[in-house]
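For reference, the structure discussed in these notes is given below.
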Amino acid sequence: MDTFQSLLAKKLSDALARAGLPEVGELTQATDPRFGDYQSNVALVFGKQRGENPRALAEKIVAHLDVDEFCGRPAVAGTGFINFTLRQAAVEKQTLEVLQDDRLGVAETESPRRIVIDFGSPNVAKPMHVGHIRSTVLGDALARVAKFLGHEVIRDNHVGDWGTQFGMVIWGWKNLLDRQALQRNPLAEIVRVYKETNERASRDTEVREACRQELVKLQAGDKENTDIWNECVAFSMQDFERVYKLLDIRYDLQCGESFYNDQLPNVVDRLLKAGIAEISEGAVVVFFRDDPDLADKPLIIRKRDGGFNYATTDLATIDYRVNELKADTIWYVVGAPQTLHFKQIFAVAQREGYTVDVRHVTFGSVLGEDRKLMKTRSGENVPLRELLEEACRRARKIIDEKNPDLSEDEKNDIAEKIGIGAVKYADLSQYRTTDYIFSWYKMLSLHGNTAPYLQNAYVRIRSIFRKAGAIAVATPLWGVGAAQYEEAGHRPVATAFTLTEPTEINLAKRLCQFAEIVPQVLNGFRPNILANYLFELANSFHAFYEACPVLKSEEPARSSRLMLSDLTARVLQRGLDLLGIKVPERM
Ligand code: ARG
């Protein structure tokens with residue numbers, strides 16, 4: 001189904017054609033509701049290009065506009081903006097269509113693509129820490145939105161399960177391992193061993209050399225070392241899985257770096273043969289001499305000692321994703337410090353003739369309240385699992401106060417939805433590229449732009465319907481509350497909206513905008529647009545609910561308002577779901 005935005009944009013470009021202007025009608029949601037619902041600055045753009053008076057041009061365009069079905073006559077404002085204000089009847093009609101649509105008006109893309117999303121991607125033998133939250137939560141939200149819009153999405157966890165650190169892990173395993181500690185908390189023990197070895201290696205050349213030997217043996221396929229490596233990977237993956245379970249994250253593929261090992265010599269040979277790479281001081285290197293950005297930043301793909309590295313693996317990974325997975329596009333949701341790495345990798349792929357659309361989706365850091373990178377008191381990275389468990393504990397306190405009579409199981413379930421939701425939302429509602437400060441107090445607040453606020457709005461609506469069910473007043477449109485309808489397997493069939501109060505018209509307009517907002521998330525990878533929309537929607541709902549009685553109003557307003565409430569709940573639920581956030585039925 002078409003949105004107001006797409007309908008009006010089409011009308012605008014028709015008008016431009018009739019006015020003898022190029023048909024590139026830019027039309028956006030109005031920035032200030034006082035001036036209408038949609039606006040266009042085409043007259044300003046063309047005026048500038050052609051040296052014509054933009055206001056006169058705007059009048060000319062308006063004279064050719066045929067939008068009577070949706071709006072009153074568009075107004076020309078300021079230096080030449082064209083403002084559109086929707087007619088109430090058009091809003092009522094459109095809202096009804098959205099209500100009756102399972103997709104809530106959101107159209108599927110006309111050009112579906114196969115998208116590989118590389119996100120999360122933690123490193124083995126290290127616990128996931130708070131720094132991993134962004135890539136994981138952002139990647140998941142982008143995957144959900146892309147899938148909902150009709151793209152084919154492959155979620156890939158590019159786990160760091162190979163590399164020079166394994167020389168140390170294996171030496172430590174053989175020399176320092178405490179078996180009992182390993183049984184108690186495997187990953188903690190592996191991390192301890194790795195850290196201690198690292199420290200010893202930094203002051204003792206013998207240890208360093210021994211670690212190197214262990215690595216060489218591992219790379220040569222030595223049985224004992226391979227077994228140790230396998231065990232370490234398995235322990236780490238178990239730890240990751242627990243975090244993914246809490247976060248409700250799933251992957252289609254978990255091809256770690258090791259998956260590409262046997263392809264690495266081919267990658268190097270191929271690039272040498274193609275003349276893209278060359279031998280320099282014993283290493284194999286790609287120079288980007290004609291690229292001003294990268295001219296002084298050569299990329300090593302085989303070290304002097306014959307070892308391959310992170311970059312070589314990423315080149316093999318592109319091959320695999322293009323040739324085996326048939327990806328049209330690859331999104332790498334990885335922090336900004338790897339910007340140079342991906343520039344180099346993408347430049348090599350382009351030289352090889354790959355046309356796949358590759359994007360590095362960067363993000364800022366998570367800071368502590370002191371505005372420095374978030375650390376524990378002893379200066380360590382904050383383990384992600386502990387942080388998430390803490391979130392659930394804190395949410396549980398809120399529920400204990402708000403709703404002490406719920407059962408223990410129900411309280412725990414709600415606490416998880418609120419706690420995890422709060423952490424995710426605090427992340428996703430921020431501009432992706434800026435740093436943000438992690439604040440328990442803010443993210444768990446029931447007021448303000450937080451997950452609990454939105455979840456609470458949903459819960460409030462659900463309680464209206466529980467009450468409606470209990471009152472069970474028969475109405476022409478609603479025999480019983482929506483809950484009962486849903487239990488019976490069908491949604492109430494409405495015949496019309498009747499909107500009279502400004503707050504209900506405003507709410508209805510917002511509900512119609514959901515379909516305009518969702519596709520925008522993928523322009524520039526901005527889940528915060530959706531988050532902010534949901535926040536405004538909840539605000540509009542609260543304004544409506546304050547001003548308009550629902551259950552106590554007369555028909556037909558009563559049914560119309562129940563339908564508005566039902567639709568709001570569905571949009572909140574679907575919108576939060578696209579962000580990976582669940583809603584409780586009570587809280
Ligand atoms: N494991 C890497 C890290 O923690 C991230 C991997 C990102 N993906 C990739 N294809 N390089 O830094």
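All residue names refer to the structure tokens as shown: chains lettered A, B, ... in order, residues numbered from 1 in each chain, ligands numbered from 1 in order.
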At most 6 Å from ligand 1 (only C-alpha atoms and all ligand atoms): residue list as a ChimeraX atom specification: /A:118,121-123,158-160,314,334
Selection from above, C-alpha atoms, as a compact mmCIF listing (two decimals), in the first residue's frame, can you write it?
# COMPACT_ATOMS: atom_id res chain seq x y z
CA ASP A 118 28.82 -9.37 9.41
CA SER A 121 32.15 -11.17 15.62
CA PRO A 122 33.84 -11.48 19.03
CA ASN A 123 37.25 -13.00 19.58
CA HIS A 158 32.91 -13.67 11.81
CA VAL A 159 34.34 -15.00 15.05
CA GLY A 160 38.03 -14.27 15.70
CA ASP A 314 38.97 -10.83 5.07
CA VAL A 334 32.45 -3.06 13.01
So that each row is one residue of region 113-203 of chain A with an atom at most 12 Å from region 241-251 of chain A, can you give its shortest atom pair and the distance in Å to one decimal, using only C-alpha atoms, rows by chain and rising number, as JSON lines?
{"residue": "A:Val116", "atom": "CA", "partner": "A:Tyr251", "partner_atom": "CA", "distance": 10.9}
{"residue": "A:Ile117", "atom": "CA", "partner": "A:Tyr251", "partner_atom": "CA", "distance": 9.7}
{"residue": "A:Asp118", "atom": "CA", "partner": "A:Tyr251", "partner_atom": "CA", "distance": 9.8}
{"residue": "A:Phe119", "atom": "CA", "partner": "A:Tyr251", "partner_atom": "CA", "distance": 9.4}
{"residue": "A:Gly120", "atom": "CA", "partner": "A:Ile249", "partner_atom": "CA", "distance": 9.7}
{"residue": "A:Ser121", "atom": "CA", "partner": "A:Tyr251", "partner_atom": "CA", "distance": 10.7}
{"residue": "A:Pro122", "atom": "CA", "partner": "A:Glu241", "partner_atom": "CA", "distance": 11.4}
{"residue": "A:Pro127", "atom": "CA", "partner": "A:Val243", "partner_atom": "CA", "distance": 10.2}
{"residue": "A:Met128", "atom": "CA", "partner": "A:Val243", "partner_atom": "CA", "distance": 8.3}
{"residue": "A:His129", "atom": "CA", "partner": "A:Val243", "partner_atom": "CA", "distance": 10.2}
{"residue": "A:Val130", "atom": "CA", "partner": "A:Val243", "partner_atom": "CA", "distance": 11.3}
{"residue": "A:His132", "atom": "CA", "partner": "A:Val243", "partner_atom": "CA", "distance": 10.7}
{"residue": "A:Ile133", "atom": "CA", "partner": "A:Leu247", "partner_atom": "CA", "distance": 9.6}
{"residue": "A:Ser135", "atom": "CA", "partner": "A:Ile249", "partner_atom": "CA", "distance": 11.7}
{"residue": "A:Thr136", "atom": "CA", "partner": "A:Ile249", "partner_atom": "CA", "distance": 8.0}
{"residue": "A:Val137", "atom": "CA", "partner": "A:Leu247", "partner_atom": "CA", "distance": 8.2}
{"residue": "A:Leu138", "atom": "CA", "partner": "A:Ile249", "partner_atom": "CA", "distance": 11.0}
{"residue": "A:Gly139", "atom": "CA", "partner": "A:Ile249", "partner_atom": "CA", "distance": 9.7}
{"residue": "A:Asp140", "atom": "CA", "partner": "A:Ile249", "partner_atom": "CA", "distance": 6.9}
{"residue": "A:Ala141", "atom": "CA", "partner": "A:Ile249", "partner_atom": "CA", "distance": 9.8}
{"residue": "A:Ala143", "atom": "CA", "partner": "A:Tyr251", "partner_atom": "CA", "distance": 10.2}
{"residue": "A:Arg144", "atom": "CA", "partner": "A:Ile249", "partner_atom": "CA", "distance": 10.6}
{"residue": "A:Val153", "atom": "CA", "partner": "A:Tyr251", "partner_atom": "CA", "distance": 10.3}
{"residue": "A:Ile154", "atom": "CA", "partner": "A:Tyr251", "partner_atom": "CA", "distance": 7.8}
{"residue": "A:Arg155", "atom": "CA", "partner": "A:Tyr251", "partner_atom": "CA", "distance": 5.0}
{"residue": "A:Asp156", "atom": "CA", "partner": "A:Tyr251", "partner_atom": "CA", "distance": 5.9}
{"residue": "A:Asn157", "atom": "CA", "partner": "A:Tyr251", "partner_atom": "CA", "distance": 6.6}
{"residue": "A:His158", "atom": "CA", "partner": "A:Tyr251", "partner_atom": "CA", "distance": 10.3}
{"residue": "A:Val159", "atom": "CA", "partner": "A:Tyr251", "partner_atom": "CA", "distance": 11.5}
Prev. selection, N, CA, C and O atoms, output as a short mmCIF file (atom, residue, chain, number, x, y, z; two decimals), in the first residue's frame:
data_model
loop_
_atom_site.label_atom_id
_atom_site.label_comp_id
_atom_site.auth_asym_id
_atom_site.auth_seq_id
_atom_site.Cartn_x
_atom_site.Cartn_y
_atom_site.Cartn_z
N VAL A 116 24.61 -9.99 3.12
CA VAL A 116 25.33 -10.64 4.22
C VAL A 116 25.64 -9.58 5.26
O VAL A 116 26.20 -8.53 4.93
N ILE A 117 25.24 -9.82 6.49
CA ILE A 117 25.55 -8.87 7.56
C ILE A 117 26.55 -9.51 8.51
O ILE A 117 26.29 -10.55 9.11
N ASP A 118 27.71 -8.90 8.58
CA ASP A 118 28.82 -9.37 9.41
C ASP A 118 28.76 -8.53 10.69
O ASP A 118 29.03 -7.34 10.67
N PHE A 119 28.29 -9.14 11.77
CA PHE A 119 28.15 -8.35 12.99
C PHE A 119 28.46 -9.18 14.23
O PHE A 119 28.46 -10.41 14.16
N GLY A 120 28.70 -8.48 15.32
CA GLY A 120 29.06 -9.17 16.57
C GLY A 120 30.54 -9.55 16.51
O GLY A 120 31.41 -8.82 16.93
N SER A 121 30.79 -10.73 15.91
CA SER A 121 32.15 -11.17 15.62
C SER A 121 33.16 -10.99 16.76
O SER A 121 34.18 -10.32 16.59
N PRO A 122 32.90 -11.59 17.91
CA PRO A 122 33.84 -11.48 19.03
C PRO A 122 35.07 -12.38 18.82
O PRO A 122 35.10 -13.16 17.87
N PRO A 127 36.53 -12.79 26.75
CA PRO A 127 35.08 -12.72 26.97
C PRO A 127 34.49 -11.56 26.17
O PRO A 127 35.19 -10.60 25.87
N MET A 128 33.21 -11.67 25.85
CA MET A 128 32.56 -10.52 25.21
C MET A 128 32.40 -9.44 26.26
O MET A 128 32.03 -9.71 27.39
N HIS A 129 32.70 -8.21 25.87
CA HIS A 129 32.57 -7.13 26.84
C HIS A 129 31.60 -6.08 26.32
O HIS A 129 31.05 -6.23 25.22
N VAL A 130 31.43 -5.03 27.10
CA VAL A 130 30.41 -4.05 26.76
C VAL A 130 30.64 -3.45 25.37
O VAL A 130 29.71 -3.09 24.67
N HIS A 132 31.17 -4.95 22.76
CA HIS A 132 30.55 -5.76 21.71
C HIS A 132 29.06 -5.49 21.57
O HIS A 132 28.44 -5.94 20.62
N ILE A 133 28.52 -4.75 22.53
CA ILE A 133 27.07 -4.58 22.49
C ILE A 133 26.64 -3.86 21.21
O ILE A 133 25.66 -4.20 20.58
N SER A 135 27.97 -3.51 18.07
CA SER A 135 27.96 -4.27 16.82
C SER A 135 26.85 -5.30 16.83
O SER A 135 26.13 -5.49 15.84
N THR A 136 26.68 -5.97 17.97
CA THR A 136 25.71 -7.06 18.05
C THR A 136 24.27 -6.55 17.92
O THR A 136 23.48 -7.07 17.12
N VAL A 137 23.96 -5.52 18.68
CA VAL A 137 22.59 -5.01 18.72
C VAL A 137 22.23 -4.26 17.43
O VAL A 137 21.15 -4.41 16.87
N LEU A 138 23.18 -3.50 16.94
CA LEU A 138 22.98 -2.75 15.70
C LEU A 138 22.84 -3.70 14.51
O LEU A 138 21.93 -3.54 13.68
N GLY A 139 23.72 -4.68 14.44
CA GLY A 139 23.67 -5.64 13.33
C GLY A 139 22.35 -6.38 13.34
O GLY A 139 21.72 -6.58 12.30
N ASP A 140 21.92 -6.77 14.53
CA ASP A 140 20.66 -7.50 14.65
C ASP A 140 19.48 -6.64 14.19
O ASP A 140 18.61 -7.10 13.44
N ALA A 141 19.45 -5.37 14.61
CA ALA A 141 18.34 -4.49 14.23
C ALA A 141 18.34 -4.28 12.71
O ALA A 141 17.27 -4.33 12.07
N ALA A 143 19.47 -6.26 10.48
CA ALA A 143 19.04 -7.52 9.86
C ALA A 143 17.52 -7.66 9.93
O ALA A 143 16.87 -8.05 8.95
N ARG A 144 16.95 -7.31 11.07
CA ARG A 144 15.50 -7.43 11.22
C ARG A 144 14.76 -6.49 10.27
O ARG A 144 13.78 -6.88 9.63
N VAL A 153 18.40 -11.97 3.98
CA VAL A 153 19.46 -11.59 4.90
C VAL A 153 20.22 -12.83 5.38
O VAL A 153 19.60 -13.82 5.77
N ILE A 154 21.54 -12.78 5.33
CA ILE A 154 22.35 -13.85 5.90
C ILE A 154 23.17 -13.23 7.03
O ILE A 154 23.99 -12.34 6.80
N ARG A 155 22.91 -13.70 8.24
CA ARG A 155 23.60 -13.15 9.41
C ARG A 155 24.82 -13.99 9.68
O ARG A 155 24.72 -15.18 9.96
N ASP A 156 25.98 -13.37 9.61
CA ASP A 156 27.23 -14.12 9.74
C ASP A 156 28.06 -13.59 10.91
O ASP A 156 28.32 -12.39 11.01
N ASN A 157 28.45 -14.50 11.78
CA ASN A 157 29.30 -14.15 12.92
C ASN A 157 30.75 -14.48 12.56
O ASN A 157 31.13 -15.65 12.54
N HIS A 158 31.53 -13.46 12.26
CA HIS A 158 32.91 -13.67 11.81
C HIS A 158 33.82 -13.76 13.05
O HIS A 158 34.61 -12.85 13.33
N VAL A 159 33.66 -14.85 13.76
CA VAL A 159 34.34 -15.00 15.05
C VAL A 159 35.87 -15.01 14.87
O VAL A 159 36.38 -15.65 13.96
#
Can you list every residue in region 223-449 of chain A that DSSP puts in strand (DSSP E or B), as a JSON list (two decimals) with N, CA, C and O atoms, in the first residue's frame?
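After the write, part.json holds the following:
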[["chain", "number", "residue", "atom", "x", "y", "z"],
["A", 253, "LEU", "N", 25.03, -18.13, 9.99],
["A", 253, "LEU", "CA", 26.35, -18.72, 9.80],
["A", 253, "LEU", "C", 27.27, -18.22, 10.89],
["A", 253, "LEU", "O", 27.15, -17.08, 11.33],
["A", 278, "GLU", "N", 52.56, -7.50, -4.60],
["A", 278, "GLU", "CA", 53.95, -7.71, -5.02],
["A", 278, "GLU", "C", 54.79, -8.11, -3.80],
["A", 278, "GLU", "O", 54.35, -7.93, -2.65],
["A", 279, "ILE", "N", 55.97, -8.63, -4.07],
["A", 279, "ILE", "CA", 56.82, -9.01, -2.95],
["A", 279, "ILE", "C", 57.68, -7.81, -2.57],
["A", 279, "ILE", "O", 58.24, -7.15, -3.44],
["A", 280, "SER", "N", 57.67, -7.52, -1.29],
["A", 280, "SER", "CA", 58.43, -6.36, -0.84],
["A", 280, "SER", "C", 59.10, -6.73, 0.47],
["A", 280, "SER", "O", 58.42, -7.07, 1.44],
["A", 283, "ALA", "N", 57.93, -9.83, 2.26],
["A", 283, "ALA", "CA", 56.49, -9.98, 2.54],
["A", 283, "ALA", "C", 55.72, -9.81, 1.23],
["A", 283, "ALA", "O", 56.27, -9.31, 0.24],
["A", 284, "VAL", "N", 54.45, -10.23, 1.23],
["A", 284, "VAL", "CA", 53.59, -9.95, 0.08],
["A", 284, "VAL", "C", 52.69, -8.77, 0.45],
["A", 284, "VAL", "O", 52.01, -8.81, 1.48],
["A", 285, "VAL", "N", 52.72, -7.76, -0.40],
["A", 285, "VAL", "CA", 52.11, -6.48, -0.03],
["A", 285, "VAL", "C", 51.28, -5.94, -1.20],
["A", 285, "VAL", "O", 51.65, -6.12, -2.35],
["A", 286, "VAL", "N", 50.16, -5.27, -0.87],
["A", 286, "VAL", "CA", 49.43, -4.51, -1.89],
["A", 286, "VAL", "C", 49.71, -3.04, -1.64],
["A", 286, "VAL", "O", 49.52, -2.55, -0.52],
["A", 299, "LEU", "N", 49.18, -2.65, 2.34],
["A", 299, "LEU", "CA", 48.49, -3.72, 3.07],
["A", 299, "LEU", "C", 49.29, -5.01, 2.94],
["A", 299, "LEU", "O", 49.50, -5.51, 1.83],
["A", 300, "ILE", "N", 49.74, -5.55, 4.07],
["A", 300, "ILE", "CA", 50.48, -6.82, 4.05],
["A", 300, "ILE", "C", 49.48, -7.96, 4.02],
["A", 300, "ILE", "O", 48.56, -8.00, 4.84],
["A", 301, "ILE", "N", 49.66, -8.88, 3.07],
["A", 301, "ILE", "CA", 48.75, -10.03, 3.06],
["A", 301, "ILE", "C", 49.50, -11.34, 3.33],
["A", 301, "ILE", "O", 48.88, -12.37, 3.53],
["A", 302, "ARG", "N", 50.82, -11.30, 3.28],
["A", 302, "ARG", "CA", 51.59, -12.44, 3.81],
["A", 302, "ARG", "C", 52.84, -11.87, 4.44],
["A", 302, "ARG", "O", 53.60, -11.14, 3.81],
["A", 329, "THR", "N", 25.31, -7.64, -1.55],
["A", 329, "THR", "CA", 25.88, -6.60, -0.72],
["A", 329, "THR", "C", 26.32, -7.17, 0.62],
["A", 329, "THR", "O", 25.77, -8.15, 1.10],
["A", 330, "ILE", "N", 27.37, -6.59, 1.18],
["A", 330, "ILE", "CA", 27.89, -7.05, 2.48],
["A", 330, "ILE", "C", 27.99, -5.84, 3.40],
["A", 330, "ILE", "O", 28.56, -4.82, 3.03],
["A", 331, "TRP", "N", 27.39, -5.95, 4.57],
["A", 331, "TRP", "CA", 27.50, -4.89, 5.58],
["A", 331, "TRP", "C", 28.39, -5.38, 6.70],
["A", 331, "TRP", "O", 28.12, -6.43, 7.30],
["A", 332, "TYR", "N", 29.43, -4.63, 6.98],
["A", 332, "TYR", "CA", 30.32, -4.95, 8.09],
["A", 332, "TYR", "C", 30.01, -4.01, 9.25],
["A", 332, "TYR", "O", 30.31, -2.82, 9.17],
["A", 333, "VAL", "N", 29.40, -4.55, 10.28],
["A", 333, "VAL", "CA", 29.07, -3.71, 11.43],
["A", 333, "VAL", "C", 30.23, -3.84, 12.43],
["A", 333, "VAL", "O", 30.26, -4.73, 13.27],
["A", 357, "ASP", "N", 28.47, -4.72, -3.46],
["A", 357, "ASP", "CA", 28.37, -3.44, -2.75],
["A", 357, "ASP", "C", 28.78, -3.68, -1.30],
["A", 357, "ASP", "O", 28.09, -4.39, -0.57],
["A", 358, "VAL", "N", 29.92, -3.15, -0.90],
["A", 358, "VAL", "CA", 30.42, -3.39, 0.47],
["A", 358, "VAL", "C", 30.33, -2.12, 1.31],
["A", 358, "VAL", "O", 30.67, -1.05, 0.84],
["A", 359, "ARG", "N", 29.84, -2.27, 2.54],
["A", 359, "ARG", "CA", 29.69, -1.09, 3.41],
["A", 359, "ARG", "C", 30.28, -1.38, 4.78],
["A", 359, "ARG", "O", 30.00, -2.43, 5.37],
["A", 360, "HIS", "N", 31.07, -0.45, 5.25],
["A", 360, "HIS", "CA", 31.54, -0.53, 6.62],
["A", 360, "HIS", "C", 30.61, 0.32, 7.48],
["A", 360, "HIS", "O", 30.58, 1.54, 7.35],
["A", 361, "VAL", "N", 29.83, -0.31, 8.32],
["A", 361, "VAL", "CA", 28.89, 0.39, 9.19],
["A", 361, "VAL", "C", 29.59, 0.60, 10.54],
["A", 361, "VAL", "O", 29.68, -0.31, 11.35],
["A", 366, "VAL", "N", 31.06, 3.01, 23.75],
["A", 366, "VAL", "CA", 30.23, 3.09, 24.94],
["A", 366, "VAL", "C", 31.11, 3.64, 26.06],
["A", 366, "VAL", "O", 32.16, 3.07, 26.38],
["A", 367, "LEU", "N", 30.69, 4.76, 26.64],
["A", 367, "LEU", "CA", 31.50, 5.39, 27.68],
["A", 367, "LEU", "C", 30.88, 5.19, 29.06],
["A", 367, "LEU", "O", 29.66, 5.05, 29.19],
["A", 373, "LEU", "N", 36.19, 5.36, 28.20],
["A", 373, "LEU", "CA", 35.75, 4.03, 27.80],
["A", 373, "LEU", "C", 35.28, 3.27, 29.03],
["A", 373, "LEU", "O", 35.95, 3.27, 30.05],
["A", 375, "LYS", "N", 34.82, 0.89, 31.88],
["A", 375, "LYS", "CA", 35.66, -0.15, 32.48],
["A", 375, "LYS", "C", 35.11, -0.52, 33.85],
["A", 375, "LYS", "O", 34.36, 0.24, 34.45],
["A", 381, "ASN", "N", 37.77, -4.49, 31.06],
["A", 381, "ASN", "CA", 36.56, -4.35, 30.26],
["A", 381, "ASN", "C", 35.38, -4.95, 31.03],
["A", 381, "ASN", "O", 35.55, -5.94, 31.74],
["A", 383, "PRO", "N", 32.47, -7.28, 31.46],
["A", 383, "PRO", "CA", 31.96, -8.46, 30.74],
["A", 383, "PRO", "C", 30.48, -8.28, 30.40],
["A", 383, "PRO", "O", 29.68, -7.87, 31.24],
["A", 436, "TYR", "N", 28.34, 7.17, 23.32],
["A", 436, "TYR", "CA", 27.28, 7.48, 24.28],
["A", 436, "TYR", "C", 27.66, 7.00, 25.68],
["A", 436, "TYR", "O", 28.49, 6.12, 25.84],
["A", 437, "ILE", "N", 27.03, 7.65, 26.65],
["A", 437, "ILE", "CA", 27.34, 7.33, 28.04],
["A", 437, "ILE", "C", 26.34, 6.31, 28.56],
["A", 437, "ILE", "O", 25.13, 6.51, 28.45]]
Who sits within 12 Å of Arg351 (chain A), only C-alpha atoms, same chain under 6 positions skipped, as number ranges by chain: A: 271, 274-277, 286-288, 290-291, 315, 344-345
Nearby residues (only C-alpha atoms) at most 9 Å from Leu8 (chain A), same-chain spacing under 2 positions excluded, as a PyMOL selection string: chain A and resi 3-6+10-13+27+38+67+70+84
Write to file, as a PDB file, in the first residue's frame, the residues of the selection just made, with N, CA and C atoms.
ATOM      1  N   THR A   3       2.078   5.099   0.877  1.00  0.00           N
ATOM      2  CA  THR A   3       2.039   6.010   2.028  1.00  0.00           C
ATOM      3  C   THR A   3       1.626   7.392   1.532  1.00  0.00           C
ATOM      4  N   PHE A   4       1.248   8.249   2.461  1.00  0.00           N
ATOM      5  CA  PHE A   4       0.959   9.632   2.071  1.00  0.00           C
ATOM      6  C   PHE A   4       2.184  10.238   1.394  1.00  0.00           C
ATOM      7  N   GLN A   5       3.329   9.940   1.959  1.00  0.00           N
ATOM      8  CA  GLN A   5       4.548  10.522   1.401  1.00  0.00           C
ATOM      9  C   GLN A   5       4.750  10.099  -0.059  1.00  0.00           C
ATOM     10  N   SER A   6       4.566   8.812  -0.336  1.00  0.00           N
ATOM     11  CA  SER A   6       4.807   8.376  -1.713  1.00  0.00           C
ATOM     12  C   SER A   6       3.688   8.873  -2.631  1.00  0.00           C
ATOM     13  N   LYS A  10       4.423  11.468  -5.739  1.00  0.00           N
ATOM     14  CA  LYS A  10       4.011  11.152  -7.114  1.00  0.00           C
ATOM     15  C   LYS A  10       3.214  12.330  -7.697  1.00  0.00           C
ATOM     16  N   LYS A  11       2.287  12.838  -6.904  1.00  0.00           N
ATOM     17  CA  LYS A  11       1.483  13.988  -7.355  1.00  0.00           C
ATOM     18  C   LYS A  11       2.390  15.187  -7.649  1.00  0.00           C
ATOM     19  N   LEU A  12       3.377  15.353  -6.803  1.00  0.00           N
ATOM     20  CA  LEU A  12       4.288  16.484  -6.989  1.00  0.00           C
ATOM     21  C   LEU A  12       5.066  16.332  -8.299  1.00  0.00           C
ATOM     22  N   SER A  13       5.542  15.120  -8.567  1.00  0.00           N
ATOM     23  CA  SER A  13       6.336  15.012  -9.788  1.00  0.00           C
ATOM     24  C   SER A  13       5.444  15.147 -11.020  1.00  0.00           C
ATOM     25  N   LEU A  27      10.027  15.294  -1.251  1.00  0.00           N
ATOM     26  CA  LEU A  27       8.948  15.646  -0.342  1.00  0.00           C
ATOM     27  C   LEU A  27       9.175  14.910   0.974  1.00  0.00           C
ATOM     28  N   TYR A  38       3.390  17.594   5.415  1.00  0.00           N
ATOM     29  CA  TYR A  38       4.498  17.290   4.502  1.00  0.00           C
ATOM     30  C   TYR A  38       4.975  18.587   3.886  1.00  0.00           C
ATOM     31  N   VAL A  67      -3.980  17.533  -5.668  1.00  0.00           N
ATOM     32  CA  VAL A  67      -3.902  16.689  -4.472  1.00  0.00           C
ATOM     33  C   VAL A  67      -5.191  16.757  -3.661  1.00  0.00           C
ATOM     34  N   PHE A  70      -6.343  14.251  -1.085  1.00  0.00           N
ATOM     35  CA  PHE A  70      -5.661  14.056   0.208  1.00  0.00           C
ATOM     36  C   PHE A  70      -5.541  15.311   1.051  1.00  0.00           C
ATOM     37  N   PHE A  84       1.932  20.872   2.741  1.00  0.00           N
ATOM     38  CA  PHE A  84       0.725  20.063   2.518  1.00  0.00           C
ATOM     39  C   PHE A  84       0.096  19.706   3.854  1.00  0.00           C
TER      40      PHE A  84
END
Nearest candidate to Val42 (chain A) (options A:Glu224, A:Asp239, A:Glu369, A:Glu23; using only C-alpha atoms): A:Glu23
Gap from CA of Asn41 (chain A) to CA of Ile61 (chain A) - Å, one decimal: 11.3 Å
Residues within 9 Å of Glu59 (chain A), only C-alpha atoms, excluding chain neighbours under 3 positions, as a ChimeraX atom specification: /A:43,54-56,62-64,75-76,80,82
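Across A:Asp427, A:Glu554, A:Asp66, A:Glu536, the tightest approach to Phe363 (chain A) is made by A:Asp427 when counting only C-alpha atoms.
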Å distance separating CA of Glu352 (chain A) from CA of Asp293 (chain A), one decimal place: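 Spanning CA of Glu352 (chain A) to CA of Asp293 (chain A) is a straight-line distance of 18.8 Å.
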Residues near Leu187 (chain A), cut-off 7 Å, only C-alpha atoms, skip fewer than 3 positions along chain, as a VMD selection string: chain A and resid 125 127 190 to 191 235 to 236
Selected residue, from A:Gly307, A:Gly379, A:Pro502, A:Pro584, that lies nearest to Thr164 (chain A) when counting only C-alpha atoms: A:Gly307
Within 8 Å of Leu444 (chain A) using only C-alpha atoms, minus same-chain residues under 2 positions, as a PyMOL selection string: chain A and resi 395+418-419+422+440-442+446+450-452
Dump N, CA, C and O atoms for the selected residues as a short mmCIF file (atom, residue, chain, number, x, y, z; two decimals), in the first residue's frame?
data_model
loop_
_atom_site.label_atom_id
_atom_site.label_comp_id
_atom_site.auth_asym_id
_atom_site.auth_seq_id
_atom_site.Cartn_x
_atom_site.Cartn_y
_atom_site.Cartn_z
N ALA A 395 15.88 -4.28 36.57
CA ALA A 395 14.51 -4.21 36.07
C ALA A 395 13.57 -4.94 37.04
O ALA A 395 12.44 -4.52 37.28
N ILE A 418 12.36 -6.12 30.06
CA ILE A 418 12.64 -4.71 30.33
C ILE A 418 14.14 -4.45 30.41
O ILE A 418 14.66 -3.50 29.82
N GLY A 419 14.85 -5.30 31.13
CA GLY A 419 16.30 -5.08 31.32
C GLY A 419 17.06 -5.14 30.00
O GLY A 419 17.82 -4.22 29.67
N ALA A 422 16.04 -2.35 27.69
CA ALA A 422 16.59 -1.05 28.07
C ALA A 422 18.02 -0.89 27.53
O ALA A 422 18.38 0.15 26.98
N TRP A 440 22.64 3.48 33.80
CA TRP A 440 21.54 2.62 34.27
C TRP A 440 20.32 3.47 34.57
O TRP A 440 19.20 3.13 34.23
N TYR A 441 20.56 4.57 35.26
CA TYR A 441 19.49 5.41 35.73
C TYR A 441 18.62 5.87 34.56
O TYR A 441 17.40 5.76 34.58
N LYS A 442 19.29 6.35 33.50
CA LYS A 442 18.55 6.87 32.36
C LYS A 442 17.85 5.77 31.59
O LYS A 442 16.69 5.88 31.23
N LEU A 446 11.23 5.10 33.55
CA LEU A 446 9.92 4.90 32.92
C LEU A 446 9.46 6.16 32.20
O LEU A 446 8.39 6.20 31.61
N THR A 450 13.10 5.94 26.46
CA THR A 450 13.69 4.67 26.92
C THR A 450 12.80 3.51 26.50
O THR A 450 11.61 3.70 26.21
N ALA A 451 13.36 2.31 26.55
CA ALA A 451 12.54 1.13 26.26
C ALA A 451 11.42 0.96 27.29
O ALA A 451 10.27 0.73 26.92
N PRO A 452 11.71 1.07 28.59
CA PRO A 452 10.62 0.88 29.55
C PRO A 452 9.45 1.85 29.33
O PRO A 452 8.29 1.47 29.53
#
